[in-house]
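Below is data_13.csv, holding CSV, C-alpha atoms and all ligand atoms.
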chain,number,residue,atom,x,y,z
A,13,MET,CA,117.5,95.3,75.5
A,14,LYS,CA,113.9,94.9,74.3
A,15,VAL,CA,110.9,94.6,76.5
A,16,SER,CA,107.1,94.2,76.0
A,17,TYR,CA,105.6,97.5,77.1
A,18,PHE,CA,102.0,97.9,78.4
A,19,PRO,CA,101.2,101.6,78.5
A,20,GLY,CA,97.5,101.5,79.7
A,21,CYS,CA,94.5,103.7,79.0
A,22,THR,CA,95.6,106.8,81.0
A,23,LEU,CA,99.0,107.0,79.4
A,24,LYS,CA,97.5,107.3,76.0
A,25,ASN,CA,95.2,110.1,77.2
A,26,LYS,CA,95.5,112.3,80.3
A,27,ALA,CA,99.0,111.0,81.3
A,28,LYS,CA,100.7,111.4,77.9
A,29,ASP,CA,103.8,112.8,79.7
A,30,LEU,CA,104.3,109.7,81.7
A,31,ASP,CA,104.3,107.7,78.5
A,32,LEU,CA,106.4,110.0,76.4
A,33,TYR,CA,109.2,110.5,78.9
A,34,SER,CA,109.2,106.7,79.6
A,35,TYR,CA,110.0,106.1,75.9
A,36,LYS,CA,112.6,108.9,75.7
A,37,SER,CA,114.4,107.9,78.9
A,38,ALA,CA,114.4,104.2,78.0
A,39,SER,CA,115.9,104.8,74.7
A,40,ALA,CA,118.6,107.0,76.3
A,41,LEU,CA,119.3,104.0,78.6
A,42,GLY,CA,119.5,101.5,75.7
A,43,VAL,CA,116.1,99.9,76.3
A,44,THR,CA,113.5,99.6,73.6
A,45,LEU,CA,109.9,99.7,74.8
A,46,GLU,CA,107.9,97.6,72.3
A,47,GLU,CA,104.3,98.4,72.7
A,48,ILE,CA,102.2,95.3,73.1
A,49,GLU,CA,99.9,94.9,70.1
A,50,ASN,CA,96.2,95.3,70.7
A,51,TRP,CA,96.7,95.8,74.5
A,52,GLN,CA,93.4,96.4,76.3
A,53,CYS,CA,92.8,98.4,79.5
A,54,CYS,CA,93.7,96.5,82.7
A,55,GLY,CA,90.6,97.8,84.5
A,56,GLY,CA,92.4,100.1,86.9
A,57,VAL,CA,91.9,98.0,90.1
A,58,PHE,CA,92.3,94.3,90.7
A,59,THR,CA,89.3,92.4,91.9
A,60,SER,CA,90.4,89.9,94.5
A,61,ALA,CA,87.5,87.5,94.0
A,62,ASP,CA,88.7,84.5,92.0
A,63,ASP,CA,85.3,84.0,90.4
A,64,GLU,CA,85.9,87.2,88.5
A,65,VAL,CA,87.4,85.9,85.3
A,66,ALA,CA,86.4,88.0,82.3
A,67,THR,CA,87.7,91.3,83.9
A,68,LYS,CA,91.2,89.8,84.1
A,69,LEU,CA,91.5,88.5,80.5
A,70,SER,CA,93.1,91.7,79.2
A,71,SER,CA,95.9,91.3,81.7
A,72,VAL,CA,96.4,87.7,80.9
A,73,ARG,CA,96.5,88.4,77.1
A,74,ALA,CA,99.2,91.0,77.7
A,75,LEU,CA,101.2,88.6,79.9
A,76,LYS,CA,100.9,85.8,77.4
A,77,TYR,CA,102.0,88.1,74.6
A,78,ALA,CA,105.2,89.0,76.5
A,79,PHE,CA,105.8,85.4,77.5
A,80,GLU,CA,105.6,84.2,73.9
A,81,ARG,CA,108.1,86.8,72.8
A,82,ASN,CA,110.3,85.8,75.7
A,83,GLU,CA,110.5,89.4,76.9
A,84,PRO,CA,109.8,90.9,80.3
A,85,LEU,CA,106.5,92.8,80.5
A,86,VAL,CA,107.1,96.4,81.7
A,87,THR,CA,104.5,98.8,82.9
A,88,VAL,CA,104.9,102.3,84.2
A,89,CYS,CA,101.5,103.2,85.6
A,90,SER,CA,101.2,102.0,89.3
A,91,ALA,CA,97.7,100.7,88.6
A,92,CYS,CA,98.4,98.6,85.5
A,93,HIS,CA,101.4,97.2,87.3
A,94,ASN,CA,99.4,96.2,90.3
A,95,VAL,CA,96.6,94.7,88.3
A,96,ILE,CA,98.9,92.8,85.9
A,97,LYS,CA,101.1,91.5,88.7
A,98,GLN,CA,98.2,90.4,90.8
A,99,THR,CA,96.6,88.6,87.8
A,100,ASN,CA,99.9,86.9,87.0
A,101,TYR,CA,100.2,85.7,90.6
A,102,ALA,CA,96.7,84.3,90.5
A,103,MET,CA,97.6,82.5,87.3
A,104,GLN,CA,100.6,80.9,89.1
A,105,THR,CA,99.0,80.0,92.3
A,106,ASN,CA,95.3,79.4,91.7
A,107,LYS,CA,94.8,76.4,89.5
A,108,THR,CA,91.0,76.6,89.4
A,109,PHE,CA,91.2,80.3,88.3
A,110,ALA,CA,93.9,79.6,85.7
A,111,ASP,CA,91.8,76.7,84.3
A,112,LYS,CA,88.8,79.0,83.9
A,113,VAL,CA,90.9,81.7,82.2
A,114,ASN,CA,92.6,79.2,79.9
A,115,ARG,CA,89.2,78.2,78.5
A,116,TYR,CA,89.2,81.7,76.9
A,117,MET,CA,92.6,81.4,75.3
A,118,ALA,CA,92.5,80.3,71.7
A,119,GLU,CA,95.8,78.4,71.5
A,120,ASP,CA,98.3,77.4,74.2
A,121,SER,CA,97.5,77.8,77.8
A,122,TYR,CA,99.2,80.3,80.0
A,123,ASN,CA,100.1,79.7,83.7
A,124,GLY,CA,101.8,82.9,84.9
A,125,GLU,CA,105.2,82.3,83.3
A,126,ALA,CA,105.9,85.9,82.2
A,127,GLU,CA,108.0,88.2,84.3
A,128,VAL,CA,106.5,91.6,85.2
A,129,TYR,CA,108.5,94.6,86.0
A,130,HIS,CA,107.5,98.1,87.0
A,131,TYR,CA,109.6,100.7,85.1
A,132,LEU,CA,111.3,101.5,88.4
A,133,GLU,CA,112.2,97.8,88.9
A,134,MET,CA,113.5,97.8,85.3
A,135,LEU,CA,115.8,100.7,86.2
A,136,ARG,CA,116.9,99.0,89.4
A,137,ASP,CA,117.1,95.4,88.3
A,138,LEU,CA,117.7,95.4,84.5
A,139,VAL,CA,119.5,98.7,83.9
A,140,GLY,CA,121.0,99.2,87.3
A,141,PHE,CA,121.0,102.5,89.3
A,142,ASP,CA,124.8,102.7,89.0
A,143,THR,CA,124.5,102.7,85.2
A,144,LEU,CA,121.7,105.2,85.4
A,145,LYS,CA,123.9,107.4,87.5
A,146,GLU,CA,126.6,107.4,84.9
A,147,LYS,CA,124.1,108.5,82.2
A,148,VAL,CA,122.9,111.5,84.1
A,149,VAL,CA,123.8,114.7,82.2
A,150,ASN,CA,121.8,117.3,84.2
A,151,SER,CA,122.3,116.5,87.8
A,152,LEU,CA,119.4,117.4,90.0
A,153,LYS,CA,121.8,118.2,92.8
A,154,GLY,CA,120.4,120.2,95.7
A,155,LYS,CA,116.7,119.5,94.9
A,156,LYS,CA,114.7,118.0,97.7
A,157,ILE,CA,112.4,115.5,96.3
A,158,ALA,CA,109.8,113.3,98.1
A,159,ALA,CA,108.9,109.9,96.6
A,160,TYR,CA,105.2,109.1,96.8
A,161,TYR,CA,104.6,105.4,96.6
A,162,GLY,CA,100.9,105.4,97.5
A,163,CYS,CA,99.3,102.0,97.9
A,164,LEU,CA,99.5,100.3,94.5
A,165,LEU,CA,103.3,100.0,94.0
A,166,LEU,CA,104.0,98.0,97.1
A,167,ARG,CA,100.9,96.1,98.2
A,168,PRO,CA,100.0,93.4,98.6
A,169,ASN,CA,103.7,92.7,99.3
A,170,LYS,CA,103.3,88.9,99.0
A,171,VAL,CA,102.5,89.5,95.4
A,172,MET,CA,104.2,92.7,94.4
A,173,ARG,CA,107.6,91.8,95.8
A,174,MET,CA,108.9,95.2,94.8
A,175,ASP,CA,110.4,96.4,98.0
A,176,ASP,CA,109.9,96.5,101.8
A,177,PRO,CA,106.3,97.6,101.9
A,178,GLU,CA,106.8,99.7,105.1
A,179,ASN,CA,110.3,100.9,104.5
A,180,PRO,CA,110.8,101.1,100.8
A,181,THR,CA,113.9,102.5,99.2
A,182,ILE,CA,113.5,102.0,95.4
A,183,MET,CA,112.2,105.5,94.7
A,184,GLU,CA,114.6,107.2,97.1
A,185,ASP,CA,117.5,105.3,95.4
A,186,PHE,CA,116.2,106.5,92.1
A,187,ILE,CA,116.1,110.1,93.3
A,188,ARG,CA,119.7,109.8,94.6
A,189,ALA,CA,120.9,108.3,91.3
A,190,LEU,CA,119.7,111.5,89.6
A,191,GLY,CA,121.8,113.5,92.0
A,192,ALA,CA,118.9,114.9,94.1
A,193,ASP,CA,118.2,114.6,97.8
A,194,ALA,CA,115.5,112.1,98.8
A,195,VAL,CA,113.1,113.3,101.4
A,196,VAL,CA,111.8,110.5,103.6
A,197,TYR,CA,108.4,111.0,105.3
A,198,ALA,CA,105.9,108.8,107.0
A,199,LYS,CA,102.9,109.0,104.7
A,200,ARG,CA,104.8,108.1,101.5
A,201,ASN,CA,103.1,104.6,101.4
A,202,GLU,CA,99.6,105.7,102.5
A,203,CYS,CA,96.7,105.9,100.0
A,204,CYS,CA,95.7,109.3,98.4
A,205,GLY,CA,92.1,108.1,98.3
A,206,GLY,CA,92.2,106.6,94.8
A,207,TYR,CA,88.8,106.2,93.1
A,208,ILE,CA,87.0,107.3,96.3
A,209,SER,CA,87.0,110.8,94.9
A,210,VAL,CA,83.9,109.6,93.0
A,211,GLU,CA,82.1,108.5,96.1
A,212,SER,CA,83.4,110.8,98.8
A,213,PRO,CA,85.5,113.7,97.6
A,214,ASP,CA,86.0,114.7,101.2
A,215,SER,CA,87.7,111.4,102.0
A,216,ALA,CA,90.1,111.9,99.0
A,217,ARG,CA,90.8,115.4,100.1
A,218,ARG,CA,91.7,114.4,103.7
A,219,ASN,CA,93.9,111.6,102.5
A,220,SER,CA,95.7,113.6,99.8
A,221,ASN,CA,96.2,116.6,102.1
A,222,ALA,CA,97.7,114.5,104.8
A,223,VAL,CA,100.3,113.2,102.3
A,224,VAL,CA,101.3,116.6,100.9
A,225,LYS,CA,101.4,118.2,104.4
A,226,ASN,CA,103.6,115.4,105.7
A,227,ALA,CA,106.0,115.6,102.7
A,228,LYS,CA,106.3,119.4,103.0
A,229,ALA,CA,106.9,119.2,106.8
A,230,ALA,CA,109.9,116.9,106.0
A,231,GLY,CA,111.3,119.6,103.6
A,232,ALA,CA,110.1,118.4,100.2
A,233,GLU,CA,110.1,120.9,97.3
A,234,MET,CA,108.6,118.4,94.9
A,235,ILE,CA,106.7,115.1,95.0
A,236,ILE,CA,107.2,112.4,92.4
A,237,THR,CA,104.8,109.6,91.5
A,238,ALA,CA,104.2,106.8,89.1
A,239,CYS,CA,100.4,107.0,89.3
A,240,PRO,CA,98.1,109.3,87.3
A,241,LEU,CA,95.4,109.0,89.9
A,242,CYS,CA,97.7,110.0,92.8
A,243,LYS,CA,98.9,113.0,90.8
A,244,TYR,CA,95.3,114.0,90.1
A,245,ASN,CA,94.1,113.6,93.7
A,246,LEU,CA,97.1,115.4,95.2
A,247,GLU,CA,96.8,118.3,92.6
A,248,LYS,CA,93.0,118.6,92.7
A,249,ASN,CA,93.1,118.8,96.5
A,250,GLY,CA,95.4,121.7,96.5
A,251,ALA,CA,99.0,120.4,96.6
A,252,ASP,CA,101.1,123.6,96.7
A,253,ILE,CA,104.4,122.0,95.6
A,254,PRO,CA,104.8,120.4,92.1
A,255,VAL,CA,103.6,116.8,91.7
A,256,VAL,CA,105.6,115.3,88.9
A,257,TYR,CA,105.8,111.9,87.1
A,258,PHE,CA,109.1,110.2,87.9
A,259,THR,CA,109.8,109.7,84.3
A,260,GLU,CA,109.7,113.4,83.6
A,261,LEU,CA,112.4,113.9,86.2
A,262,LEU,CA,114.3,111.0,84.7
A,263,ALA,CA,114.1,112.6,81.2
A,264,GLU,CA,115.2,115.9,82.6
A,265,ALA,CA,118.3,114.3,84.3
A,266,LEU,CA,119.1,112.3,81.1
A,267,GLY,CA,118.9,115.4,79.0
A,268,VAL,CA,116.1,114.1,76.8
A,269,LYS,CA,113.2,116.1,78.0
A,270,GLU,CA,113.3,118.9,75.4
A,271,ASP,CA,111.6,119.0,72.0
A,272,THR,CA,108.4,117.6,73.4
A,273,ASN,CA,105.1,119.3,73.1
A,274,ALA,CA,103.4,117.1,75.8
B,27,MET,CA,66.0,87.3,101.3
B,28,HIS,CA,68.6,84.6,101.9
B,29,ASN,CA,69.2,82.6,105.0
B,30,ASN,CA,72.3,83.4,106.8
B,31,ARG,CA,74.0,80.0,106.1
B,32,TYR,CA,73.8,80.5,102.4
B,33,LEU,CA,75.0,84.1,102.6
B,34,ARG,CA,77.9,83.2,104.8
B,35,ASP,CA,79.0,80.4,102.6
B,36,GLU,CA,78.7,82.5,99.5
B,37,ILE,CA,80.7,85.4,101.0
B,38,ILE,CA,83.4,83.1,102.3
B,39,ARG,CA,83.6,81.4,98.9
B,40,ILE,CA,83.9,84.6,96.9
B,41,SER,CA,86.5,86.1,99.3
B,42,GLY,CA,88.6,83.0,99.7
B,43,VAL,CA,89.2,84.2,103.3
B,44,ASN,CA,89.2,82.1,106.5
B,45,THR,CA,87.5,84.5,108.9
B,46,ALA,CA,88.0,82.2,111.8
B,47,LYS,CA,91.7,83.1,111.8
B,48,CYS,CA,91.0,86.6,113.1
B,49,MET,CA,92.2,87.3,116.6
B,50,LYS,CA,90.3,90.6,116.9
B,51,CYS,CA,93.3,92.7,117.4
B,52,GLY,CA,91.8,95.6,115.4
B,53,LYS,CA,95.0,96.4,113.6
B,54,CYS,CA,93.3,96.3,110.2
B,55,SER,CA,90.8,99.0,111.3
B,56,ALA,CA,93.5,101.0,113.0
B,57,THR,CA,95.5,101.3,109.8
B,58,CYS,CA,92.5,101.8,107.5
B,59,PRO,CA,92.5,105.2,105.8
B,60,ALA,CA,88.7,105.0,105.3
B,61,TYR,CA,88.0,104.3,108.9
B,62,ASP,CA,86.2,107.6,109.6
B,63,GLU,CA,83.9,107.1,106.6
B,64,MET,CA,82.9,103.6,107.5
B,65,GLU,CA,79.9,102.6,109.6
B,66,TYR,CA,81.4,99.1,109.8
B,67,HIS,CA,85.2,98.8,109.9
B,68,PRO,CA,87.4,96.1,108.4
B,69,HIS,CA,87.6,94.0,111.6
B,70,GLN,CA,83.8,94.2,111.9
B,71,PHE,CA,83.4,92.9,108.3
B,72,VAL,CA,85.6,89.9,109.2
B,73,ASN,CA,83.8,89.2,112.4
B,74,MET,CA,80.2,89.8,111.2
B,75,VAL,CA,80.8,87.5,108.3
B,76,GLU,CA,82.3,84.9,110.6
B,77,SER,CA,79.2,85.0,112.8
B,78,GLY,CA,76.8,85.2,109.8
B,79,ASP,CA,75.5,88.7,110.6
B,80,ILE,CA,75.8,89.8,107.0
B,81,THR,CA,72.6,91.7,106.1
B,82,PRO,CA,73.7,94.9,107.9
B,83,LEU,CA,76.9,94.9,105.9
B,84,LEU,CA,75.1,94.4,102.6
B,85,ASN,CA,72.9,97.4,103.4
B,86,SER,CA,75.7,99.7,104.5
B,87,ASP,CA,77.5,102.4,102.5
B,88,SER,CA,80.7,101.1,104.1
B,89,LEU,CA,80.9,98.8,101.2
B,90,TYR,CA,81.7,101.7,98.9
B,91,LYS,CA,84.1,103.5,101.2
B,92,CYS,CA,87.0,101.0,101.0
B,93,LEU,CA,89.9,102.4,98.9
B,94,SER,CA,91.3,99.0,98.0
B,95,CYS,CA,94.6,100.3,99.4
B,96,PHE,CA,95.5,96.8,100.7
B,97,ALA,CA,97.0,98.3,103.9
B,98,CYS,CA,94.8,95.9,106.0
B,99,ILE,CA,96.0,93.0,104.0
B,100,ASP,CA,99.7,93.7,104.5
B,101,ARG,CA,99.4,94.7,108.2
B,102,CYS,CA,97.1,92.0,109.6
B,103,PRO,CA,99.3,89.9,111.8
B,104,ARG,CA,97.2,86.8,111.1
B,105,GLY,CA,97.1,87.0,107.3
B,106,VAL,CA,93.3,87.3,107.3
B,107,GLU,CA,93.2,89.7,104.3
B,108,PRO,CA,90.1,91.8,105.5
B,109,ALA,CA,89.9,93.8,102.2
B,110,LYS,CA,89.0,90.5,100.4
B,111,VAL,CA,86.0,90.2,102.7
B,112,VAL,CA,84.9,93.7,102.1
B,113,GLU,CA,85.2,93.1,98.4
B,114,ALA,CA,83.2,89.9,98.5
B,115,VAL,CA,80.3,91.5,100.3
B,116,ARG,CA,80.4,94.4,97.9
B,117,LEU,CA,80.4,92.0,94.9
B,118,PHE,CA,77.5,90.2,96.4
B,119,ALA,CA,75.6,93.5,96.7
B,120,VAL,CA,76.4,94.9,93.2
B,121,ARG,CA,75.9,91.6,91.4
B,122,LYS,CA,72.2,91.9,92.0
B,123,GLN,CA,70.2,93.1,89.1
B,124,GLY,CA,69.8,96.9,89.1
B,125,ALA,CA,72.1,97.3,92.1
B,126,ASN,CA,75.0,99.2,90.4
B,127,ARG,CA,76.3,101.9,92.5
B,128,MET,CA,77.1,104.2,89.5
B,129,THR,CA,76.0,104.3,85.9
B,130,ALA,CA,77.4,106.0,82.8
B,131,ASN,CA,74.9,108.9,83.4
B,132,ASP,CA,76.9,109.8,86.5
B,133,VAL,CA,80.1,110.4,84.6
B,134,PRO,CA,79.5,114.0,83.3
B,135,ALA,CA,79.1,115.2,86.9
B,136,ILE,CA,82.3,113.5,87.9
B,137,VAL,CA,84.8,114.5,85.2
B,138,ASP,CA,86.8,117.7,84.9
B,139,GLU,CA,89.4,118.4,82.3
B,140,ASP,CA,92.1,116.6,84.2
B,141,THR,CA,90.3,113.5,85.3
B,142,PRO,CA,92.4,110.5,84.4
B,143,GLN,CA,90.7,107.6,82.7
B,144,GLN,CA,92.1,105.5,85.5
B,145,LEU,CA,89.7,107.1,87.9
B,146,LEU,CA,86.6,106.2,85.9
B,147,VAL,CA,87.7,102.6,85.0
B,148,SER,CA,88.6,101.9,88.6
B,149,ALA,CA,85.3,103.3,90.0
B,150,PHE,CA,83.3,101.3,87.4
B,151,ARG,CA,85.2,98.2,88.3
B,152,LYS,CA,84.4,98.7,92.0
B,153,TYR,CA,80.9,100.0,91.9
B,154,THR,CA,79.2,98.2,89.1
B,155,LYS,CA,78.7,94.7,87.6
A,301,LIG,S1,94.2,92.8,111.7
A,301,LIG,FE1,93.7,90.7,111.2
A,301,LIG,S2,93.6,89.5,113.1
A,301,LIG,FE2,93.5,91.7,113.6
A,301,LIG,S3,91.3,92.2,113.7
A,301,LIG,FE3,92.0,92.6,111.6
A,301,LIG,S4,91.5,90.7,110.5
A,301,LIG,FE4,91.5,90.2,112.7
A,302,LIG,S1,91.8,98.0,101.7
A,302,LIG,FE1,89.9,99.0,102.3
A,302,LIG,S2,89.4,98.2,104.3
A,302,LIG,FE2,91.6,97.7,103.9
A,302,LIG,S3,92.7,99.3,104.9
A,302,LIG,FE3,92.4,99.9,102.7
A,302,LIG,S4,90.5,101.1,102.7
A,302,LIG,FE4,90.6,100.0,104.7

Conversion result in structure tokens:
Amino acid sequence: MKVSYFPGCTLKNKAKDLDLYSYKSASALGVTLEEIENWQCCGGVFTSADDEVATKLSSVRALKYAFERNEPLVTVCSACHNVIKQTNYAMQTNKTFADKVNRYMAEDSYNGEAEVYHYLEMLRDLVGFDTLKEKVVNSLKGKKIAAYYGCLLLRPNKVMRMDDPENPTIMEDFIRALGADAVVYAKRNECCGGYISVESPDSARRNSNAVVKNAKAAGAEMIITACPLCKYNLEKNGADIPVVYFTELLAEALGVKEDTNA
Amino acid sequence: MHNNRYLRDEIIRISGVNTAKCMKCGKCSATCPAYDEMEYHPHQFVNMVESGDITPLLNSDSLYKCLSCFACIDRCPRGVEPAKVVEAVRLFAVRKQGANRMTANDVPAIVDEDTPQQLLVSAFRKYTK
């Protein structure tokens, strides 16, 4: 299976691990990630105002590219996924906005036809967690792992449609497919503070600490995330258990983690 | 600066929100992770825009404390989408000439060796125009 892959700015810089292990794991699972040509940064956060047009063009161009190749668009960064899915939804549901956007498109117009998958959704819906389970060579049996969804993977639910926004299971099912124990805790879908560490580092610290404390109290030995900013905020604010990209764990379980210098 | 009618219409237009739907239950503010940082809370944004009392919001740092976590959007029982109101007021503020909350000159003081690009692009998207 071949998919159009949108890596995003951070995966080519500070989050190279997230990118590298995504490629390695996908190929072990029979999926080819074809990087979208000339992709541009999604902007990190979606602007809900529909009179904001120019800032959403990079997402639309990536979506249009995938649609024209008849491939699903797959992203792995929580932020890219959120921005691209929200932009696609606006293209489907807001005619005025879509008309404005299409004035910037050189050829055919685009109206939200592409299908957007987060890498986790790709594992669940296109590969299948049962298939994943069969491909595991290094079982993570006995490890107690907490999934950290944060805010961007699940919300707004009307648009993301990834899982139940208050009682999600996709990351826990992923952890179990790798053979480990999934630790469920209340703060797994609360925000780490995101970009607020620029404006109020104290606010980010409080939010991040609350997440780590809650995960540890539930018995977690490790936290997994899909978001470079969550990882940064949790680590910078003193997480004393490892915070790891889910694709790194995946690569480890699939036995393709070695021979990297990331 | 502007009369309240114009301001109110403009904020409502940018946000796409029907503030009259709010039943003042306070759930948005109860779930807001930035609550302690804010002078005006999400339910107040909704109600002050509804009543046209917008200048205090435009002048408040509360505009820059919202995390865009969308918790208030998903948890509002009336589908009001308060975060869109906060966003609209903030856009109205930063779209003014010279009103950017941060500039490229602020970046060196923010970054350390682990800072993800995502942090900077997100902050610029929220705090500048
Ligand atoms: S949760 Fe919704 S209905 Fe309740 S106060 Fe907030 S905006 Fe109003
Ligand atoms: S989106 Fe903003 S206002 Fe709404 S709950 Fe999150 S931080 Fe609070």

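Take the candidates B:Met74, B:Cys95, B:Ile38, B:Ala56 and check each one against ligand LIG 302 (chain A) using only C-alpha atoms and all ligand atoms; the shortest distance goes to B:Cys95.
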
Could you check the closest approach to chain A for each of B:Thr129, B:Ser94, B:Thr154, B:Asn44 and tell me which residue wins, using all atoms listed in the file?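 Selected residue with least distance to chain A: B:Ser94.
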
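Residue-level contact on chain A: within 7 Å of chain B, counting all atoms listed in the file, the set is Cys21, Thr22, Lys26, Gly55, Gly56, Val57, Ser60, Ala61, Asp62, Asp63, Cys163, Leu164, Arg167, Pro168, Asn169, Cys203, Gly205, Gly206, Tyr207, Ile208, Val210, Pro240, Leu241 and Tyr244 of chain A.
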
Please produce, as JSON lines, a per-residue contact table for chain B versus ligand LIG 301 (chain A) (criterion: any atom at most 7 Å away, all atoms listed in the file considered), showing the nearest atom pair and its distance in Å to one decimal, sorted by chain then residue number.
{"residue": "B:Lys47", "atom": "CA", "partner": "A:LIG301", "partner_atom": "S2", "distance": 6.8}
{"residue": "B:Cys48", "atom": "CA", "partner": "A:LIG301", "partner_atom": "FE4", "distance": 3.7}
{"residue": "B:Met49", "atom": "CA", "partner": "A:LIG301", "partner_atom": "S2", "distance": 4.4}
{"residue": "B:Lys50", "atom": "CA", "partner": "A:LIG301", "partner_atom": "S3", "distance": 3.7}
{"residue": "B:Cys51", "atom": "CA", "partner": "A:LIG301", "partner_atom": "FE2", "distance": 3.9}
{"residue": "B:Gly52", "atom": "CA", "partner": "A:LIG301", "partner_atom": "S3", "distance": 3.8}
{"residue": "B:Lys53", "atom": "CA", "partner": "A:LIG301", "partner_atom": "S1", "distance": 4.1}
{"residue": "B:Cys54", "atom": "CA", "partner": "A:LIG301", "partner_atom": "S1", "distance": 3.9}
{"residue": "B:Ser55", "atom": "CA", "partner": "A:LIG301", "partner_atom": "FE3", "distance": 6.5}
{"residue": "B:Pro68", "atom": "CA", "partner": "A:LIG301", "partner_atom": "FE3", "distance": 6.6}
{"residue": "B:His69", "atom": "CA", "partner": "A:LIG301", "partner_atom": "FE3", "distance": 4.6}
{"residue": "B:Val72", "atom": "CA", "partner": "A:LIG301", "partner_atom": "S4", "distance": 6.1}
{"residue": "B:Cys98", "atom": "CA", "partner": "A:LIG301", "partner_atom": "S1", "distance": 6.5}
{"residue": "B:Arg101", "atom": "CA", "partner": "A:LIG301", "partner_atom": "S1", "distance": 6.5}
{"residue": "B:Cys102", "atom": "CA", "partner": "A:LIG301", "partner_atom": "S1", "distance": 3.7}
{"residue": "B:Pro103", "atom": "CA", "partner": "A:LIG301", "partner_atom": "FE1", "distance": 5.7}
{"residue": "B:Arg104", "atom": "CA", "partner": "A:LIG301", "partner_atom": "S2", "distance": 4.9}
{"residue": "B:Gly105", "atom": "CA", "partner": "A:LIG301", "partner_atom": "FE1", "distance": 6.4}
{"residue": "B:Val106", "atom": "CA", "partner": "A:LIG301", "partner_atom": "S4", "distance": 5.0}
{"residue": "B:Glu107", "atom": "CA", "partner": "A:LIG301", "partner_atom": "S4", "distance": 6.5}
{"residue": "B:Pro108", "atom": "CA", "partner": "A:LIG301", "partner_atom": "S4", "distance": 5.3}

Could you jot down the atom CA of Leu190 of chain A to atom CA of Asn94 of chain A separation for me, Å, one decimal place? 25.4 Å

Which polymer residues have any atom within 10 Å of an atom of segment 46-49 of chain A, counting all atoms listed in the file, with same-chain residues fewer than 5 positions away left out, as a PyMOL selection string? chain A and resi 14-19+35+73-75+77-78+83+85-86

Mind pulling up the distance from atom CA of His130 of chain A to atom CA of Tyr161 of chain A?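 Atom CA of Tyr161 of chain A sits 12.4 Å away from atom CA of His130 of chain A.
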
Of the candidates B:Thr45, B:Asn126, B:Asn30, B:Asn131, which shows the shortest atom-to-atom distance to Thr81 of chain B, using all atoms listed in the file?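 Selected residue with least distance to Thr81 of chain B: B:Asn30.
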
Give me, please, the distance in Å between atom CA of Ile96 of chain A and atom CA of Leu23 of chain A, quoted to one decimal.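 Separation of atom CA of Ile96 of chain A and atom CA of Leu23 of chain A: 15.6 Å.
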
Could you pull the residues within 7 Å of Leu166 of chain A, counting all atoms listed in the file, minus those fewer than 4 positions along the same chain, as a PyMOL selection string? chain A and resi 172+174-175+177

Selected residues written out, C-alpha atoms, as a short mmCIF file (atom, residue, chain, number, x, y, z; two decimals), in the frame of the given file:
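Once everything was written out, this is out-v8.cif:
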data_model
loop_
_atom_site.label_atom_id
_atom_site.label_comp_id
_atom_site.auth_asym_id
_atom_site.auth_seq_id
_atom_site.Cartn_x
_atom_site.Cartn_y
_atom_site.Cartn_z
CA MET A 172 104.20 92.70 94.40
CA MET A 174 108.90 95.20 94.80
CA ASP A 175 110.40 96.40 98.00
CA PRO A 177 106.30 97.60 101.90
#

Of the candidates B:Asp79, B:Val112, B:Arg34, B:Asn85, which shows the shortest atom-to-atom distance to ligand LIG 302 (chain A), using all atoms listed in the file? B:Val112

Find the residue from A:Pro213, A:Thr87, A:Ile235, A:Gly162 that sits nearest to ligand LIG 302 (chain A); use only C-alpha atoms and all ligand atoms when measuring. A:Gly162
